[in-house]
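Q: Structure provided below as structure tokens; questions to follow.
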Amino acid sequence: MNKIHKEVYGQGETVVLIHGWAMHTGVWRKFARQLATQYRVVCLDLPGHGSSKSVQPYCLESISDGLIDAIDESSFSLLGWSLGASTVINLAKQYPQRVNSVILMAGNPRFVSDNNWSGMRVELLQEFADNLQKNCQLTLVRFLALQVNSLPDAKGILKELKQAILSCDAPSKNVLQDALDILKTADLRDDFASLKCPVNIVLGDKDALIPVQVGYDMQRIKPAVELNIISGAGHVPFISHQSEVIDVIRRFL
């Protein structure tokens, strides 16, 4: 069994939080503690991130198998942010009997743009991949800056993100590269469309990485999803618009 680091807050119905690329559970703490006033919140470090050991091969199936072993509850809801959203779709597909509902935050089943599909430019992801080999730390800082781009309090939010991230060592270059490869190549649209549990999508209309249009693309292939667009939010709405996101979660669950 692979060692997966987790942090648990509160009591009640369980919500499992899965973070994004290059991050760890520290990015959730303020949000998780607030959410935990009503729910039991379980935050997991992705394999190879934070204090979790990596998995081989580094693919969504292995990641999901590692994470499921760390969740003690027989049933739970999943909230995945960015790369975590891709992971959550795969988890819900592999373990449908345990997943009550799914929330996808600033993520989608096909991260890069494609024919008739909005998404991140594949060239930008490739640029990240190339820069990782040159200067890993600078690449991570640039990635963080992109996540708060155009927000009124971008400087303060970026500072909060950096403090949270720097509390743990960065993932290895190999893990970062493998995780980027997942974002570049994974196409989970069929898996997403076939999910039997309720699905909620949370997007920010100022997100520099995930365009709002992708929410409508997801509704096109799965009309029953609930789409919430947070006005003025970027790629980290759980930090910049915490109360609005928590209200969405409470209404949904």
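Within each chain, counting starts at residue 1; across the structure tokens, chains are named A, B, ... in the order shown, with ligands numbered 1 upward in that order.
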Restrict the calculation to only C-alpha atoms, then for each residue of region 16-76 of chain A with any atom at most 12 Å from an atom of region 184-191 of chain A give the closest atom pair and their distance in Å to one decimal, rows by chain and rising residue number, as a Markdown table.
A:
| residue | atom | partner | partner_atom | distance |
| --- | --- | --- | --- | --- |
| A:Cys59 | CA | A:Ala186 | CA | 9.4 |
| A:Leu60 | CA | A:Ala186 | CA | 8.7 |
| A:Glu61 | CA | A:Ala186 | CA | 11.3 |
Q: Mind writing the picked residues with N, CA, C and O atoms as a short mmCIF file (atom, residue, chain, number, x, y, z; two decimals), in the first residue's frame?
A:
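Once everything was written out, this is result_37.cif:
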data_model
loop_
_atom_site.label_atom_id
_atom_site.label_comp_id
_atom_site.auth_asym_id
_atom_site.auth_seq_id
_atom_site.Cartn_x
_atom_site.Cartn_y
_atom_site.Cartn_z
N CYS A 59 -0.01 7.33 -13.53
CA CYS A 59 -1.17 7.53 -14.40
C CYS A 59 -2.40 7.66 -13.50
O CYS A 59 -2.35 7.38 -12.30
N LEU A 60 -3.52 8.08 -14.08
CA LEU A 60 -4.72 8.31 -13.27
C LEU A 60 -5.20 7.05 -12.56
O LEU A 60 -5.66 7.12 -11.41
N GLU A 61 -5.09 5.91 -13.20
CA GLU A 61 -5.56 4.67 -12.58
C GLU A 61 -4.74 4.35 -11.34
O GLU A 61 -5.30 4.00 -10.28
#
Q: May I ask for the distance between CA of Val15 (chain A) and CA of Val41 (chain A), given in Å to one decimal place?
A: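 Atom-to-atom, CA of Val15 (chain A) and CA of Val41 (chain A) are spaced 5.0 Å apart.
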Q: Do a neighbour search on Ile18 (chain A) at 9 Å with only C-alpha atoms, toss out local chain neighbours closer than 5 positions, and write the hits as a PDB file with N, CA, C and O atoms, in the first residue's frame.
A:
ATOM      1  N   HIS A  24      -0.261  20.718  -2.655  1.00  0.00           N
ATOM      2  CA  HIS A  24      -0.439  19.707  -1.604  1.00  0.00           C
ATOM      3  C   HIS A  24      -1.564  20.168  -0.691  1.00  0.00           C
ATOM      4  O   HIS A  24      -2.179  21.223  -0.940  1.00  0.00           O
ATOM      5  N   THR A  25      -1.867  19.405   0.347  1.00  0.00           N
ATOM      6  CA  THR A  25      -3.025  19.714   1.191  1.00  0.00           C
ATOM      7  C   THR A  25      -2.953  21.083   1.856  1.00  0.00           C
ATOM      8  O   THR A  25      -3.987  21.641   2.224  1.00  0.00           O
ATOM      9  N   VAL A  42     -11.783  15.655   4.340  1.00  0.00           N
ATOM     10  CA  VAL A  42     -10.559  14.862   4.227  1.00  0.00           C
ATOM     11  C   VAL A  42      -9.742  15.417   3.071  1.00  0.00           C
ATOM     12  O   VAL A  42     -10.201  15.423   1.920  1.00  0.00           O
ATOM     13  N   CYS A  43      -8.542  15.910   3.360  1.00  0.00           N
ATOM     14  CA  CYS A  43      -7.654  16.453   2.336  1.00  0.00           C
ATOM     15  C   CYS A  43      -6.530  15.452   2.077  1.00  0.00           C
ATOM     16  O   CYS A  43      -5.854  15.023   3.017  1.00  0.00           O
ATOM     17  N   LEU A  44      -6.329  15.085   0.830  1.00  0.00           N
ATOM     18  CA  LEU A  44      -5.312  14.100   0.460  1.00  0.00           C
ATOM     19  C   LEU A  44      -4.232  14.739  -0.398  1.00  0.00           C
ATOM     20  O   LEU A  44      -4.532  15.507  -1.311  1.00  0.00           O
ATOM     21  N   ASP A  45      -2.974  14.397  -0.115  1.00  0.00           N
ATOM     22  CA  ASP A  45      -1.875  14.753  -1.015  1.00  0.00           C
ATOM     23  C   ASP A  45      -1.852  13.765  -2.176  1.00  0.00           C
ATOM     24  O   ASP A  45      -1.831  12.542  -1.958  1.00  0.00           O
ATOM     25  N   LEU A  46      -1.862  14.270  -3.387  1.00  0.00           N
ATOM     26  CA  LEU A  46      -1.686  13.387  -4.542  1.00  0.00           C
ATOM     27  C   LEU A  46      -0.358  12.639  -4.425  1.00  0.00           C
ATOM     28  O   LEU A  46       0.592  13.129  -3.826  1.00  0.00           O
ATOM     29  N   LEU A  78     -16.688  13.872  -3.531  1.00  0.00           N
ATOM     30  CA  LEU A  78     -15.356  14.238  -3.994  1.00  0.00           C
ATOM     31  C   LEU A  78     -15.363  15.658  -4.538  1.00  0.00           C
ATOM     32  O   LEU A  78     -16.271  16.051  -5.279  1.00  0.00           O
ATOM     33  N   LEU A  79     -14.332  16.426  -4.165  1.00  0.00           N
ATOM     34  CA  LEU A  79     -14.127  17.751  -4.738  1.00  0.00           C
ATOM     35  C   LEU A  79     -12.708  17.787  -5.291  1.00  0.00           C
ATOM     36  O   LEU A  79     -11.741  17.630  -4.546  1.00  0.00           O
ATOM     37  N   GLY A  80     -12.589  17.977  -6.595  1.00  0.00           N
ATOM     38  CA  GLY A  80     -11.279  18.018  -7.227  1.00  0.00           C
ATOM     39  C   GLY A  80     -11.032  19.355  -7.885  1.00  0.00           C
ATOM     40  O   GLY A  80     -11.905  19.886  -8.582  1.00  0.00           O
ATOM     41  N   TRP A  81      -9.854  19.915  -7.642  1.00  0.00           N
ATOM     42  CA  TRP A  81      -9.479  21.212  -8.198  1.00  0.00           C
ATOM     43  C   TRP A  81      -8.378  21.031  -9.244  1.00  0.00           C
ATOM     44  O   TRP A  81      -7.367  20.401  -8.973  1.00  0.00           O
ATOM     45  N   SER A  82      -8.593  21.576 -10.440  1.00  0.00           N
ATOM     46  CA  SER A  82      -7.597  21.554 -11.508  1.00  0.00           C
ATOM     47  C   SER A  82      -7.224  20.108 -11.859  1.00  0.00           C
ATOM     48  O   SER A  82      -8.096  19.332 -12.234  1.00  0.00           O
ATOM     49  N   LEU A  83      -5.959  19.709 -11.725  1.00  0.00           N
ATOM     50  CA  LEU A  83      -5.588  18.307 -11.947  1.00  0.00           C
ATOM     51  C   LEU A  83      -6.405  17.385 -11.045  1.00  0.00           C
ATOM     52  O   LEU A  83      -6.753  16.259 -11.428  1.00  0.00           O
ATOM     53  N   GLY A  84      -6.753  17.855  -9.855  1.00  0.00           N
ATOM     54  CA  GLY A  84      -7.588  17.075  -8.945  1.00  0.00           C
ATOM     55  C   GLY A  84      -8.950  16.754  -9.531  1.00  0.00           C
ATOM     56  O   GLY A  84      -9.541  15.719  -9.223  1.00  0.00           O
ATOM     57  N   ALA A  85      -9.456  17.620 -10.419  1.00  0.00           N
ATOM     58  CA  ALA A  85     -10.741  17.350 -11.065  1.00  0.00           C
ATOM     59  C   ALA A  85     -10.635  16.138 -11.989  1.00  0.00           C
ATOM     60  O   ALA A  85     -11.535  15.293 -12.042  1.00  0.00           O
ATOM     61  N   THR A  87      -8.529  13.712 -11.592  1.00  0.00           N
ATOM     62  CA  THR A  87      -8.398  12.577 -10.680  1.00  0.00           C
ATOM     63  C   THR A  87      -9.753  12.152 -10.134  1.00  0.00           C
ATOM     64  O   THR A  87     -10.065  10.956 -10.050  1.00  0.00           O
ATOM     65  N   VAL A  88     -10.576  13.124  -9.778  1.00  0.00           N
ATOM     66  CA  VAL A  88     -11.900  12.843  -9.212  1.00  0.00           C
ATOM     67  C   VAL A  88     -12.791  12.126 -10.223  1.00  0.00           C
ATOM     68  O   VAL A  88     -13.539  11.197  -9.872  1.00  0.00           O
TER      69      VAL A  88
END
Q: Quick one: everything within 8 Å of His235 (chain A), counting only C-alpha atoms, minus sequence neighbours fewer than 5 positions away in the same chain. Send it as a ChimeraX atom specification.
A: /A:106,147-148,203-204,206-210
Q: Please provide the set of residues having any atom within 8 Å of Pro47 (chain A), restricted to only C-alpha atoms, with same-chain residues fewer than 2 positions apart removed, written as a compact mmCIF listing (two decimals) with all heavy atoms, in the first residue's frame.
A:
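Wrote part.txt, looks like this:
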# COMPACT_ATOMS: atom_id res chain seq x y z
N ILE A 4 -0.19 7.62 1.57
CA ILE A 4 -0.85 8.84 1.14
C ILE A 4 -1.10 9.72 2.37
O ILE A 4 -1.73 9.28 3.33
CB ILE A 4 -2.19 8.54 0.43
CG1 ILE A 4 -1.96 7.75 -0.85
CG2 ILE A 4 -2.94 9.84 0.14
CD1 ILE A 4 -1.18 8.48 -1.92
N ASP A 45 -2.97 14.40 -0.11
CA ASP A 45 -1.88 14.75 -1.01
C ASP A 45 -1.85 13.77 -2.18
O ASP A 45 -1.83 12.54 -1.96
CB ASP A 45 -0.52 14.67 -0.29
CG ASP A 45 -0.21 15.89 0.55
OD1 ASP A 45 -0.91 16.91 0.40
OD2 ASP A 45 0.75 15.82 1.35
N HIS A 49 3.28 14.23 -4.30
CA HIS A 49 3.10 15.62 -3.90
C HIS A 49 3.06 15.71 -2.39
O HIS A 49 2.61 14.77 -1.71
CB HIS A 49 1.80 16.18 -4.47
CG HIS A 49 1.77 16.34 -5.95
ND1 HIS A 49 1.80 15.27 -6.81
CD2 HIS A 49 1.71 17.45 -6.73
CE1 HIS A 49 1.75 15.72 -8.06
NE2 HIS A 49 1.69 17.03 -8.04
N SER A 52 3.07 12.65 0.37
CA SER A 52 2.66 11.34 -0.16
C SER A 52 3.76 10.74 -1.03
O SER A 52 4.42 11.44 -1.80
CB SER A 52 1.39 11.47 -1.01
OG SER A 52 0.26 11.72 -0.22
N LYS A 53 3.94 9.43 -0.90
CA LYS A 53 4.86 8.73 -1.78
C LYS A 53 4.28 8.65 -3.19
O LYS A 53 3.06 8.69 -3.37
CB LYS A 53 5.13 7.32 -1.25
CG LYS A 53 5.92 7.29 0.04
CD LYS A 53 6.22 5.85 0.47
CE LYS A 53 7.04 5.82 1.76
NZ LYS A 53 7.32 4.42 2.20
N SER A 54 5.14 8.52 -4.17
CA SER A 54 4.70 8.46 -5.55
C SER A 54 4.19 7.06 -5.89
O SER A 54 4.26 6.13 -5.08
CB SER A 54 5.83 8.86 -6.50
OG SER A 54 5.33 9.05 -7.81
N VAL A 55 3.67 6.91 -7.10
CA VAL A 55 3.20 5.62 -7.60
C VAL A 55 3.81 5.38 -8.98
O VAL A 55 4.21 6.32 -9.67
CB VAL A 55 1.65 5.58 -7.71
CG1 VAL A 55 1.01 5.61 -6.34
CG2 VAL A 55 1.13 6.72 -8.59
N ILE A 63 -2.95 6.48 -9.57
CA ILE A 63 -3.21 7.54 -8.60
C ILE A 63 -4.50 7.25 -7.84
O ILE A 63 -4.56 7.34 -6.60
CB ILE A 63 -3.28 8.91 -9.31
CG1 ILE A 63 -1.89 9.31 -9.81
CG2 ILE A 63 -3.84 9.98 -8.37
CD1 ILE A 63 -1.91 10.52 -10.75
N GLY A 66 -4.16 4.45 -5.36
CA GLY A 66 -3.44 4.87 -4.16
C GLY A 66 -4.31 5.70 -3.24
O GLY A 66 -4.30 5.51 -2.01
N LEU A 67 -5.08 6.61 -3.80
CA LEU A 67 -5.91 7.49 -2.98
C LEU A 67 -7.04 6.74 -2.29
O LEU A 67 -7.36 7.02 -1.13
CB LEU A 67 -6.49 8.61 -3.85
CG LEU A 67 -5.50 9.63 -4.43
CD1 LEU A 67 -6.23 10.63 -5.31
CD2 LEU A 67 -4.75 10.35 -3.32
Q: What does the distance between CA of Glu13 (chain A) and CA of Gln242 (chain A) come to in Å, to one decimal place?
A: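 These two atoms are separated by 19.5 Å.
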Q: Please identify the alpha helix (DSSP H) residues within region 26-206 of chain A (assignment by DSSP from backbone atoms) and present them as an MDAnalysis selection string.
A: chainID A and resid 29:35 60:68 83:94 122:134 136:148 154:165 173:185 189:194
Q: With distances taken over only C-alpha atoms, which of A:Phe76, A:Tyr216, A:Tyr95, A:Trp21 is nearest to Leu195 (chain A)?
A: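 Under the stated criterion, the closest residue is A:Tyr95.
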